Structure formats: structure tokens, C-alpha cells
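Reproduced below: protein01.cif, with mmCIF, C-alpha atoms and all ligand atoms.
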data_run
loop_
_atom_site.label_atom_id
_atom_site.label_comp_id
_atom_site.auth_asym_id
_atom_site.auth_seq_id
_atom_site.Cartn_x
_atom_site.Cartn_y
_atom_site.Cartn_z
CA MET A 222 13.89 -2.99 -8.40
CA ARG A 223 10.44 -3.81 -9.79
CA ARG A 224 7.83 -1.19 -9.11
CA LEU A 225 4.73 -2.22 -7.18
CA ILE A 226 1.23 -1.36 -8.39
CA ALA A 227 -1.30 -2.24 -5.71
CA ALA A 228 -5.10 -2.28 -5.71
CA ASN A 229 -6.87 -1.51 -2.45
CA TRP A 230 -10.50 -2.49 -2.91
CA LYS A 231 -11.44 -1.36 0.62
CA MET A 232 -14.91 -2.67 1.65
CA ASN A 233 -15.98 -3.46 -1.90
CA LYS A 234 -16.80 -6.63 -3.85
CA THR A 235 -18.55 -9.83 -2.85
CA VAL A 236 -17.03 -13.23 -3.61
CA LYS A 237 -18.98 -13.40 -6.88
CA GLU A 238 -17.84 -9.92 -7.91
CA THR A 239 -14.25 -10.83 -7.00
CA GLU A 240 -14.42 -13.85 -9.25
CA GLU A 241 -15.77 -11.79 -12.16
CA TYR A 242 -13.17 -9.06 -11.63
CA ILE A 243 -10.16 -11.35 -11.48
CA LYS A 244 -11.16 -13.38 -14.52
CA LYS A 245 -11.54 -10.16 -16.50
CA PHE A 246 -8.37 -8.54 -15.07
CA LEU A 247 -6.21 -11.55 -15.92
CA LYS A 248 -7.07 -11.11 -19.60
CA PHE A 249 -5.23 -7.77 -19.47
CA VAL A 250 -2.14 -9.09 -17.66
CA GLU A 251 0.96 -9.43 -19.81
CA HIS A 252 4.52 -9.89 -18.60
CA PRO A 253 3.59 -9.89 -14.90
CA GLU A 254 7.32 -10.22 -14.13
CA SER A 255 7.99 -6.69 -15.48
CA ARG A 256 6.30 -5.11 -12.46
CA GLU A 257 4.79 -6.35 -9.24
CA ILE A 258 1.00 -6.39 -9.37
CA LEU A 259 -0.86 -6.71 -6.09
CA ILE A 260 -4.56 -7.03 -5.33
CA CYS A 261 -5.85 -6.42 -1.79
CA PRO A 262 -9.49 -7.52 -1.63
CA PRO A 263 -11.62 -7.65 1.53
CA PHE A 264 -10.95 -10.63 3.84
CA THR A 265 -14.04 -12.51 2.61
CA SER A 266 -12.72 -12.55 -0.96
CA LEU A 267 -9.17 -13.66 -0.18
CA TYR A 268 -9.82 -17.38 -0.60
CA VAL A 269 -11.42 -17.17 -4.01
CA ALA A 270 -8.85 -14.58 -5.11
CA SER A 271 -5.98 -16.83 -4.03
CA GLN A 272 -7.42 -19.73 -6.02
CA LEU A 273 -7.82 -17.63 -9.16
CA LEU A 274 -4.43 -15.89 -8.90
CA GLN A 275 -2.40 -19.05 -8.36
CA GLY A 276 0.40 -19.29 -10.92
CA THR A 277 -0.47 -15.97 -12.60
CA GLY A 278 2.30 -13.86 -11.07
CA VAL A 279 -0.26 -11.44 -9.62
CA LYS A 280 0.22 -11.16 -5.86
CA LEU A 281 -2.36 -11.15 -3.10
CA GLY A 282 -2.47 -8.88 -0.06
CA ALA A 283 -4.76 -7.99 2.82
CA GLN A 284 -5.95 -4.57 3.95
CA ASN A 285 -5.31 -5.05 7.65
CA CYS A 286 -4.13 -7.59 10.23
CA HIS A 287 -3.84 -8.10 13.97
CA TYR A 288 -0.43 -8.22 15.63
CA GLU A 289 -1.01 -11.41 17.63
CA LYS A 290 -0.81 -14.89 16.11
CA GLY A 291 -4.16 -15.84 17.60
CA GLY A 292 -6.32 -15.49 20.70
CA ALA A 293 -9.32 -13.70 22.12
CA TYR A 294 -9.55 -10.81 19.62
CA THR A 295 -13.10 -10.95 18.32
CA GLY A 296 -13.43 -9.80 14.75
CA GLU A 297 -9.71 -9.71 14.04
CA ILE A 298 -7.60 -11.65 11.50
CA SER A 299 -4.05 -12.85 12.21
CA ILE A 300 -1.01 -12.81 9.94
CA PRO A 301 -0.73 -16.66 9.83
CA MET A 302 -4.39 -16.80 8.70
CA LEU A 303 -3.56 -14.43 5.85
CA GLN A 304 -0.40 -16.33 4.94
CA GLU A 305 -2.34 -19.58 4.73
CA LEU A 306 -4.43 -17.90 2.02
CA GLY A 307 -1.34 -16.88 0.08
CA CYS A 308 -1.13 -13.23 1.16
CA GLU A 309 2.40 -11.87 0.81
CA TYR A 310 1.53 -8.28 1.68
CA VAL A 311 -0.62 -6.42 4.16
CA ILE A 312 -1.54 -2.73 4.16
CA VAL A 313 -0.80 -1.26 7.60
CA GLY A 314 -1.90 2.13 8.90
CA HIS A 315 -4.10 3.16 5.98
CA SER A 316 -5.53 6.62 6.64
CA GLU A 317 -9.04 5.16 6.92
CA ARG A 318 -7.78 2.84 9.67
CA ARG A 319 -6.07 5.77 11.39
CA HIS A 320 -8.81 8.37 11.08
CA ILE A 321 -12.08 6.40 10.98
CA PHE A 322 -11.12 3.53 13.29
CA GLY A 323 -8.72 5.41 15.52
CA GLU A 324 -5.59 3.33 14.91
CA THR A 325 -2.68 4.92 16.73
CA ASP A 326 1.00 5.03 15.81
CA GLU A 327 1.56 2.61 18.70
CA LEU A 328 -0.85 0.02 17.28
CA ILE A 329 0.59 0.46 13.79
CA HIS A 330 4.06 -0.11 15.23
CA LYS A 331 2.92 -3.41 16.80
CA LYS A 332 1.52 -4.55 13.47
CA ILE A 333 4.76 -3.68 11.65
CA VAL A 334 6.82 -5.60 14.22
CA ALA A 335 4.47 -8.60 13.94
CA CYS A 336 4.68 -8.56 10.12
CA LEU A 337 8.47 -8.58 10.26
CA GLU A 338 8.54 -11.37 12.85
CA MET A 339 6.10 -13.50 10.87
CA GLY A 340 7.56 -12.90 7.41
CA MET A 341 4.78 -10.77 5.95
CA ARG A 342 5.72 -7.69 3.89
CA PRO A 343 3.87 -4.62 5.21
CA ILE A 344 2.96 -1.58 3.15
CA LEU A 345 3.10 1.17 5.75
CA CYS A 346 0.80 4.07 4.84
CA VAL A 347 1.67 7.57 5.93
CA GLY A 348 0.25 10.95 5.01
CA GLU A 349 -0.75 14.34 6.25
CA LYS A 350 -4.25 15.79 6.58
CA ARG A 351 -5.23 18.93 4.64
CA GLU A 352 -4.95 21.19 7.68
CA GLU A 353 -1.51 19.77 8.45
CA ARG A 354 -0.34 20.53 4.91
CA GLU A 355 -1.75 24.03 5.14
CA ALA A 356 0.11 24.52 8.43
CA ARG A 357 3.33 23.38 6.66
CA MET A 358 3.57 20.34 8.91
CA THR A 359 3.74 17.70 6.16
CA PHE A 360 7.36 16.67 6.74
CA LYS A 361 6.96 16.66 10.52
CA VAL A 362 3.83 14.46 10.34
CA ILE A 363 5.46 12.01 7.93
CA GLU A 364 8.64 11.86 10.01
CA THR A 365 6.71 11.16 13.21
CA GLN A 366 4.54 8.47 11.61
CA ILE A 367 7.56 6.69 10.12
CA LYS A 368 9.78 6.97 13.19
CA LEU A 369 7.08 5.65 15.52
CA ALA A 370 6.06 2.82 13.18
CA LEU A 371 9.64 1.66 12.65
CA ALA A 372 11.07 2.28 16.13
CA GLY A 373 13.42 -0.58 17.00
CA VAL A 374 13.07 -2.32 13.64
CA GLU A 375 15.12 0.12 11.57
CA GLU A 376 17.49 -2.67 10.56
CA HIS A 377 14.60 -4.32 8.67
CA ILE A 378 13.60 -1.29 6.61
CA ASP A 379 14.32 -3.23 3.42
CA LYS A 380 11.50 -5.66 4.20
CA ILE A 381 8.88 -2.92 4.21
CA ASP A 382 7.28 -0.75 1.53
CA ILE A 383 5.92 2.68 2.34
CA ALA A 384 2.94 4.38 0.71
CA TYR A 385 2.81 8.14 0.85
CA GLU A 386 -0.89 8.90 0.77
CA PRO A 387 -1.83 12.50 1.57
CA VAL A 388 -5.18 12.19 3.33
CA TRP A 389 -6.62 15.11 1.36
CA ALA A 390 -5.94 13.28 -1.90
CA ILE A 391 -7.53 9.94 -0.99
CA GLY A 392 -10.86 9.36 -2.71
CA THR A 393 -11.26 13.07 -3.48
CA GLY A 394 -10.43 13.05 -7.19
CA THR A 395 -7.68 15.61 -6.49
CA PRO A 396 -4.25 13.96 -6.44
CA ALA A 397 -1.05 15.58 -5.26
CA THR A 398 0.98 16.92 -8.13
CA PRO A 399 3.74 14.48 -9.13
CA GLU A 400 6.25 17.16 -8.07
CA ASN A 401 4.68 17.38 -4.60
CA ALA A 402 4.77 13.61 -4.33
CA VAL A 403 8.43 13.46 -5.41
CA GLU A 404 9.34 16.09 -2.81
CA VAL A 405 7.81 13.99 -0.03
CA HIS A 406 9.21 10.73 -1.45
CA THR A 407 12.69 12.25 -1.43
CA PHE A 408 12.19 13.35 2.15
CA ILE A 409 11.12 9.80 3.08
CA ARG A 410 14.09 8.24 1.25
CA ASN A 411 16.50 10.52 3.11
CA LEU A 412 14.79 9.70 6.41
CA LEU A 413 15.10 5.95 5.75
CA ASN A 414 18.80 6.39 4.97
CA GLU A 415 19.19 8.29 8.21
CA LEU A 416 17.35 5.63 10.22
CA ASN A 417 19.43 2.87 8.69
CA PRO A 418 22.51 3.96 6.76
CA ASN A 419 23.09 0.32 5.74
CA ASN A 420 19.67 -0.13 4.19
CA GLU A 421 19.92 -1.44 0.70
CA GLY A 422 17.31 0.88 -0.73
CA LYS A 423 14.91 -2.01 -1.23
CA THR A 424 12.03 -0.14 0.37
CA ARG A 425 9.75 1.05 -2.36
CA ILE A 426 8.00 4.33 -1.75
CA LEU A 427 4.59 4.30 -3.41
CA TYR A 428 2.27 7.19 -4.08
CA GLY A 429 -1.47 6.88 -3.40
CA GLY A 430 -4.36 9.33 -3.66
CA SER A 431 -6.74 9.72 -6.63
CA VAL A 432 -4.49 7.90 -9.09
CA LYS A 433 -6.39 7.20 -12.31
CA PRO A 434 -5.53 5.80 -15.74
CA ASP A 435 -5.11 9.33 -17.11
CA ASN A 436 -2.66 10.58 -14.45
CA ALA A 437 -0.71 7.42 -13.50
CA LYS A 438 1.89 7.95 -16.21
CA GLU A 439 2.77 11.40 -14.84
CA PHE A 440 3.71 9.88 -11.48
CA MET A 441 5.58 6.97 -12.97
CA LYS A 442 7.89 9.28 -14.93
CA TYR A 443 9.83 9.80 -11.71
CA ASP A 444 12.33 7.25 -10.42
CA ALA A 445 11.59 8.38 -6.85
CA ILE A 446 8.10 6.90 -7.21
CA GLY A 447 8.46 3.18 -6.63
CA GLY A 448 4.85 2.36 -7.39
CA LEU A 449 1.24 3.25 -6.80
CA LEU A 450 -1.46 2.35 -4.29
CA VAL A 451 -4.82 2.69 -5.99
CA GLY A 452 -8.27 2.77 -4.39
CA THR A 453 -11.28 3.86 -6.44
CA ALA A 454 -9.70 3.38 -9.87
CA SER A 455 -8.70 -0.19 -8.99
CA LEU A 456 -12.33 -1.28 -8.66
CA ASP A 457 -12.71 -1.68 -12.39
CA PRO A 458 -10.39 -4.31 -13.91
CA GLU A 459 -9.82 -2.42 -17.14
CA SER A 460 -9.07 0.85 -15.37
CA PHE A 461 -6.65 -0.87 -12.97
CA SER A 462 -4.90 -2.65 -15.83
CA LYS A 463 -4.39 0.70 -17.60
CA ILE A 464 -2.69 1.99 -14.46
CA VAL A 465 -0.58 -1.16 -14.15
CA TYR A 466 0.64 -0.73 -17.72
CA SER A 467 0.89 3.07 -17.68
CA PHE A 468 4.70 2.96 -17.73
C1 LIG B 501 -6.38 4.51 -0.99
O1 LIG B 501 -7.37 4.45 -0.28
O2 LIG B 501 -5.35 3.88 -0.70
C2 LIG B 501 -6.46 5.33 -2.20
C3 LIG B 501 -5.34 5.71 -2.73
O3 LIG B 501 -7.70 5.66 -2.64
P1 LIG B 501 -8.07 6.50 -3.97
O4 LIG B 501 -7.25 5.92 -5.10
O5 LIG B 501 -9.54 6.27 -4.18
O6 LIG B 501 -7.73 7.91 -3.71
#
So that I can check it, write out the structure of this file as C-alpha cells.
Amino acid sequence: MRRLIAANWKMNKTVKETEEYIKKFLKFVEHPESREILICPPFTSLYVASQLLQGTGVKLGAQNCHYEKGGAYTGEISIPMLQELGCEYVIVGHSERRHIFGETDELIHKKIVACLEMGMRPILCVGEKREEREARMTFKVIETQIKLALAGVEEHIDKIDIAYEPVWAIGTGTPATPENAVEVHTFIRNLLNELNPNNEGKTRILYGGSVKPDNAKEFMKYDAIGGLLVGTASLDPESFSKIVYSF
């Protein structure tokens, strides 16, 4: 299975900056078929990004979505709106959505169900906070987040990717060690097999949290790591391309 290297720009880059970034980034892209490259810009940049990425093999994703197709949900964006712009992926349950905007496991579950119903591939983010790790609750937290998000849709596990992003590693400059990440990835893989023994193992389990060009290779040495979700270091096209081609 191709590994997925995804850029999460968060609330960064205007339309003009998006245009400059993508034109520069595409100069670094070789053999896009050897890995799956995904860029998730803010909503306002999706249109221009989709125009520039057409035919390049680089995929487009969104950072969030609503679970309804449309209606009175001021400020929200629906999955069909994202699909019209060429988005194939959406990040669901990012720790900033959970902890800054108060997204609950219940809401995240609704978004996952909606993605599956509407043919959008979600990247479900899970991860423990520092105090949870220190209290040795990492596995329990991850298990609860995954079980609640996927309740009732276990048979579709293969149509989802999961990003293990320890909250204490996001944007802090201190990543998990690759060994720590592999331990949690293995736990997640076993949990997915338990939830759906017939799953075909098509769910990639990504690592995210302070990945940079100089540490990406260490993570990608391990087969258990199906890809990377990159925040800060994806904001510069050259730095992101080094991560994309780190393995
Ligand atoms: C993220 O927000 O998904 C992320 C991994 O951020 P950073 O790379 O900056 O830690």
C-alpha cells in the first residue's frame, strides 16, 4: 500500500501564498505515484489549489467538514462542497478541533459516518494529552477515541486512515520517539483487527507531531508507520518536499 504524506496548513496561507507555494512545491515533485501526497489548505485556498494540482497526482484535502449535506449551519462547510472542489480527503477530529473548539467524540463520529456515506476518505486523528501519557492512559484514550468514532461503521475501516498525533508532540518541536509511535501504531492495528477481523489492512496509520525533514526518515524506517501528517514543517514547500521524499 502506498504511504500517505499529508500537509496540514491549519489557518495559514492566503490565496496568493497558496499559489506561490504550490507552484514551487510542484517543482520538487517526482514520481507522485510512488507515494500519496496530500495538501490540506484552509477552505479559502481550496479552489486555487484544486486548479493548480489538477493532473499532477498530488491530492487535495480539507481540514474539517460538517456532517450534514447542507442546511442552516452558519459558518460550516459540507462534504459535497469539498468534493466539488476536488477534495478526496478530510481531516476529522484534529486535536486542535477537539481541544480548542470542543469537538466531542460524538460529533467526530457523526463526521466519520457522513464521510463514509458521501464517499469522502477521512483521516481520523487520535492522540493523548501529556497528562494522560504521564498517567499511563495512552492506550485507553486511543482505544476510546477510536471505538467511539467508528462505532457502527467498523465494516468500513478500510475506507479510513488514522493519524496518531500525541497532543504533547503537536507544534512543540518535540516529537514522539519512532519507537513510541510504533508501539501505539501496533496497538491501533491490533484494535482495528479486533473491531473488524475481515478488514483488509487498508487503513493507513500515520504519525503526526513535530515531524521535520531531519527526523522524517527515522519514522519511515518502520513498516508500521503508514505515513505522516505534517503541520509546521509543511508550510515551506522545500521542507515539505524533503519530508515527502525522506524514504
Ligand atoms: C498537526 O497539527 O497535525 C501537526 C502534526 O503539527 P506539527 O507538525 O506542527 O506538530
Grab all the atoms of ligand LIG 501 (chain B) that the file lists, wrap them in a box along x, y and z, add 6 Å per side, and give me centre plus edge lengths in Å (one decimal) as JSON.
{"center_x": -7.4, "center_y": 5.9, "center_z": -2.7, "size_x": 16.2, "size_y": 16.0, "size_z": 16.8}
Atom pair CA of Leu456 in chain A / CA of Cys336 in chain A: separation (Å): 26.4 Å
Counting only C-alpha atoms and all ligand atoms, give me one row per residue of chain A with an atom at most 6 Å from an atom of ligand LIG 501 (chain B), showing the shortest contact pair and its distance in Å to one decimal, sorted by chain then residue number, as JSON lines.
{"residue": "A:Asn229", "atom": "CA", "partner": "B:LIG501", "partner_atom": "O2", "distance": 5.9}
{"residue": "A:Ala390", "atom": "CA", "partner": "B:LIG501", "partner_atom": "O6", "distance": 5.9}
{"residue": "A:Ile391", "atom": "CA", "partner": "B:LIG501", "partner_atom": "O6", "distance": 3.4}
{"residue": "A:Gly392", "atom": "CA", "partner": "B:LIG501", "partner_atom": "O6", "distance": 3.6}
{"residue": "A:Gly429", "atom": "CA", "partner": "B:LIG501", "partner_atom": "C3", "distance": 4.1}
{"residue": "A:Gly430", "atom": "CA", "partner": "B:LIG501", "partner_atom": "O6", "distance": 3.7}
{"residue": "A:Ser431", "atom": "CA", "partner": "B:LIG501", "partner_atom": "O6", "distance": 3.6}
{"residue": "A:Val432", "atom": "CA", "partner": "B:LIG501", "partner_atom": "O4", "distance": 5.2}
{"residue": "A:Leu450", "atom": "CA", "partner": "B:LIG501", "partner_atom": "C3", "distance": 5.4}
{"residue": "A:Val451", "atom": "CA", "partner": "B:LIG501", "partner_atom": "O4", "distance": 4.1}
{"residue": "A:Gly452", "atom": "CA", "partner": "B:LIG501", "partner_atom": "O4", "distance": 3.4}
{"residue": "A:Thr453", "atom": "CA", "partner": "B:LIG501", "partner_atom": "O5", "distance": 3.7}
{"residue": "A:Ala454", "atom": "CA", "partner": "B:LIG501", "partner_atom": "O4", "distance": 5.9}
Sort by chain and increasing residue number a table of all residues of range 291-346 of chain A within 9 Å of range 364-369 of chain A, each with its closest pair of atoms and their distance in Å to one decimal, counting only C-alpha atoms, and write it as a Markdown table.
| residue | atom | partner | partner_atom | distance |
| --- | --- | --- | --- | --- |
| A:Asp326 | CA | A:Leu369 | CA | 6.1 |
| A:Glu327 | CA | A:Leu369 | CA | 7.1 |
| A:Ile329 | CA | A:Leu369 | CA | 8.5 |
| A:His330 | CA | A:Leu369 | CA | 6.5 |
| A:Leu345 | CA | A:Ile367 | CA | 8.3 |
| A:Cys346 | CA | A:Gln366 | CA | 8.9 |
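Going from CA of Glu240 in chain A over to CA of Ser462 in chain A, you cover 16.1 Å.
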For a quick check of understanding, using only C-alpha atoms, which of A:Val403, A:Ile464, A:Ala372, A:Ile298 has the smallest distance to Tyr443 in chain A? A:Val403
As a tab-separated table (two decimals) with C-alpha atoms, in the frame of the given file, please: the residues near range 412-419 of chain A (cut-off 8 Å, all atoms listed in the file, same-chain neighbours under 5 positions excluded).
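Generated output (part25.tsv):
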chain	number	residue	atom	x	y	z
A	364	GLU	CA	8.64	11.86	10.01
A	375	GLU	CA	15.12	0.12	11.57
A	376	GLU	CA	17.49	-2.67	10.56
A	378	ILE	CA	13.60	-1.29	6.61
Counting only C-alpha atoms, which of A:Glu309, A:Glu353, A:Asp444, A:Glu241 gets nearest to Ile258 in chain A?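 Comparing A:Glu309, A:Glu353, A:Asp444, A:Glu241 against Ile258 in chain A, the winner is A:Glu309.
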Name all residues at most 9 Å from Ala335 in chain A (count all atoms listed in the file; drop same-chain ones fewer than 2 positions away) and give them as JSON, numbers by chain. {"A": [287, 288, 289, 290, 300, 330, 331, 332, 333, 337, 338, 339, 340, 341]}
What separation in Å, quoted to one decimal, exists between CA of Glu251 in chain A and CA of Thr398 in chain A?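 Interatomic distance, CA of Glu251 in chain A to CA of Thr398 in chain A: 28.8 Å.
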Using all atoms listed in the file and a cutoff of 12 Å, can you tell me which residues are near (-7.3, -19.9, -6.4) in the file's coordinates, and write them out as a PyMOL selection string? chain A and resi 239-240+243-244+266-277+279-281+306-308
Got time to write the residues from that selection, C-alpha atoms, as a JSON list (two decimals), in the frame of the given file?
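Here's the written file part06.json:
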[["chain", "number", "residue", "atom", "x", "y", "z"],
["A", 239, "THR", "CA", -14.25, -10.83, -7.00],
["A", 240, "GLU", "CA", -14.42, -13.85, -9.25],
["A", 243, "ILE", "CA", -10.16, -11.35, -11.48],
["A", 244, "LYS", "CA", -11.16, -13.38, -14.52],
["A", 266, "SER", "CA", -12.72, -12.55, -0.96],
["A", 267, "LEU", "CA", -9.17, -13.66, -0.18],
["A", 268, "TYR", "CA", -9.82, -17.38, -0.60],
["A", 269, "VAL", "CA", -11.42, -17.17, -4.01],
["A", 270, "ALA", "CA", -8.85, -14.58, -5.11],
["A", 271, "SER", "CA", -5.98, -16.83, -4.03],
["A", 272, "GLN", "CA", -7.42, -19.73, -6.02],
["A", 273, "LEU", "CA", -7.82, -17.63, -9.16],
["A", 274, "LEU", "CA", -4.43, -15.89, -8.90],
["A", 275, "GLN", "CA", -2.40, -19.05, -8.36],
["A", 276, "GLY", "CA", 0.40, -19.29, -10.92],
["A", 277, "THR", "CA", -0.47, -15.97, -12.60],
["A", 279, "VAL", "CA", -0.26, -11.44, -9.62],
["A", 280, "LYS", "CA", 0.22, -11.16, -5.86],
["A", 281, "LEU", "CA", -2.36, -11.15, -3.10],
["A", 306, "LEU", "CA", -4.43, -17.90, 2.02],
["A", 307, "GLY", "CA", -1.34, -16.88, 0.08],
["A", 308, "CYS", "CA", -1.13, -13.23, 1.16]]
May I have the residues at most 12 Å from (-9.4, 2.6, 7.2) in the file's coordinates, counting all atoms listed in the file, as a list in words?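 Output: Asn229, Trp230, Lys231, Met232, Pro263, Gln284, Asn285, Cys286, Ile312, Val313, Gly314, His315, Ser316, Glu317, Arg318, Arg319, His320, Ile321, Phe322, Gly323, Glu324, Thr325, Cys346, Val388, Ile391 and Gly452 of chain A.
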Closest of A:Met302, A:Ala384, A:Ala283, A:Ala228 to Ile260 in chain A - atom-to-atom distances counting all atoms listed in the file: A:Ala228
Could you list, as number ranges by chain, every residue within 8 Å of Leu225 in chain A, counting all atoms listed in the file and ignoring same-chain residues fewer than 5 positions away? A: 256-259, 425, 427, 447-449
Rank A:Ala293, A:Ile344, A:Val362, A:Ala437 by their smallest atom-to-atom distance to Ser467 in chain A, using all atoms listed in the file, and report the top residue only.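 Using all atoms listed in the file, the shortest distance to Ser467 in chain A belongs to A:Ala437.
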Nearest to Arg354 in chain A by atom-to-atom distance, counting all atoms listed in the file, from A:Val405, A:Val311, A:Met222, A:Ala445: A:Val405
Counting all atoms listed in the file, the residue of A:Pro262, A:Pro301, A:Gly373, A:Pro434 that sits nearest Thr235 in chain A: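 Among A:Pro262, A:Pro301, A:Gly373, A:Pro434, it is A:Pro262 that comes nearest to Thr235 in chain A.
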What would range 434-452 of chain A look like with N, CA and C atoms restored, written as a PDB file, keeping the file's coordinate frame?
ATOM      1  N   PRO A 434      -6.265   6.160 -14.521  1.00  0.00           N
ATOM      2  CA  PRO A 434      -5.530   5.800 -15.740  1.00  0.00           C
ATOM      3  C   PRO A 434      -4.947   7.028 -16.441  1.00  0.00           C
ATOM      4  N   ASP A 435      -5.627   8.178 -16.354  1.00  0.00           N
ATOM      5  CA  ASP A 435      -5.110   9.330 -17.110  1.00  0.00           C
ATOM      6  C   ASP A 435      -4.041  10.142 -16.371  1.00  0.00           C
ATOM      7  N   ASN A 436      -3.757   9.833 -15.105  1.00  0.00           N
ATOM      8  CA  ASN A 436      -2.660  10.580 -14.450  1.00  0.00           C
ATOM      9  C   ASN A 436      -1.515   9.675 -13.970  1.00  0.00           C
ATOM     10  N   ALA A 437      -1.717   8.348 -14.047  1.00  0.00           N
ATOM     11  CA  ALA A 437      -0.710   7.420 -13.500  1.00  0.00           C
ATOM     12  C   ALA A 437       0.656   7.630 -14.146  1.00  0.00           C
ATOM     13  N   LYS A 438       0.636   7.825 -15.459  1.00  0.00           N
ATOM     14  CA  LYS A 438       1.890   7.950 -16.210  1.00  0.00           C
ATOM     15  C   LYS A 438       2.735   9.124 -15.694  1.00  0.00           C
ATOM     16  N   GLU A 439       2.054  10.200 -15.322  1.00  0.00           N
ATOM     17  CA  GLU A 439       2.770  11.400 -14.840  1.00  0.00           C
ATOM     18  C   GLU A 439       3.579  11.081 -13.582  1.00  0.00           C
ATOM     19  N   PHE A 440       2.992  10.257 -12.699  1.00  0.00           N
ATOM     20  CA  PHE A 440       3.710   9.880 -11.480  1.00  0.00           C
ATOM     21  C   PHE A 440       4.865   8.928 -11.799  1.00  0.00           C
ATOM     22  N   MET A 441       4.587   8.009 -12.720  1.00  0.00           N
ATOM     23  CA  MET A 441       5.580   6.970 -12.970  1.00  0.00           C
ATOM     24  C   MET A 441       6.780   7.448 -13.788  1.00  0.00           C
ATOM     25  N   LYS A 442       6.717   8.696 -14.229  1.00  0.00           N
ATOM     26  CA  LYS A 442       7.890   9.280 -14.930  1.00  0.00           C
ATOM     27  C   LYS A 442       9.068   9.435 -13.991  1.00  0.00           C
ATOM     28  N   TYR A 443       8.780   9.495 -12.695  1.00  0.00           N
ATOM     29  CA  TYR A 443       9.830   9.800 -11.710  1.00  0.00           C
ATOM     30  C   TYR A 443      10.379   8.552 -11.053  1.00  0.00           C
ATOM     31  N   ASP A 444      11.692   8.418 -11.047  1.00  0.00           N
ATOM     32  CA  ASP A 444      12.330   7.250 -10.420  1.00  0.00           C
ATOM     33  C   ASP A 444      12.038   7.184  -8.924  1.00  0.00           C
ATOM     34  N   ALA A 445      11.827   8.359  -8.303  1.00  0.00           N
ATOM     35  CA  ALA A 445      11.590   8.380  -6.850  1.00  0.00           C
ATOM     36  C   ALA A 445      10.272   7.683  -6.493  1.00  0.00           C
ATOM     37  N   ILE A 446       9.408   7.527  -7.477  1.00  0.00           N
ATOM     38  CA  ILE A 446       8.100   6.900  -7.210  1.00  0.00           C
ATOM     39  C   ILE A 446       8.203   5.412  -7.546  1.00  0.00           C
ATOM     40  N   GLY A 447       8.208   4.612  -6.482  1.00  0.00           N
ATOM     41  CA  GLY A 447       8.460   3.180  -6.630  1.00  0.00           C
ATOM     42  C   GLY A 447       7.211   2.370  -6.913  1.00  0.00           C
ATOM     43  N   GLY A 448       6.092   3.064  -7.096  1.00  0.00           N
ATOM     44  CA  GLY A 448       4.850   2.360  -7.390  1.00  0.00           C
ATOM     45  C   GLY A 448       3.653   3.177  -6.972  1.00  0.00           C
ATOM     46  N   LEU A 449       2.489   2.544  -7.076  1.00  0.00           N
ATOM     47  CA  LEU A 449       1.240   3.250  -6.800  1.00  0.00           C
ATOM     48  C   LEU A 449       0.321   2.389  -5.945  1.00  0.00           C
ATOM     49  N   LEU A 450      -0.402   3.037  -5.049  1.00  0.00           N
ATOM     50  CA  LEU A 450      -1.460   2.350  -4.290  1.00  0.00           C
ATOM     51  C   LEU A 450      -2.760   2.993  -4.757  1.00  0.00           C
ATOM     52  N   VAL A 451      -3.641   2.163  -5.299  1.00  0.00           N
ATOM     53  CA  VAL A 451      -4.820   2.690  -5.990  1.00  0.00           C
ATOM     54  C   VAL A 451      -6.097   2.207  -5.340  1.00  0.00           C
ATOM     55  N   GLY A 452      -6.974   3.126  -4.981  1.00  0.00           N
ATOM     56  CA  GLY A 452      -8.270   2.770  -4.390  1.00  0.00           C
ATOM     57  C   GLY A 452      -9.343   2.725  -5.460  1.00  0.00           C
TER      58      GLY A 452
END
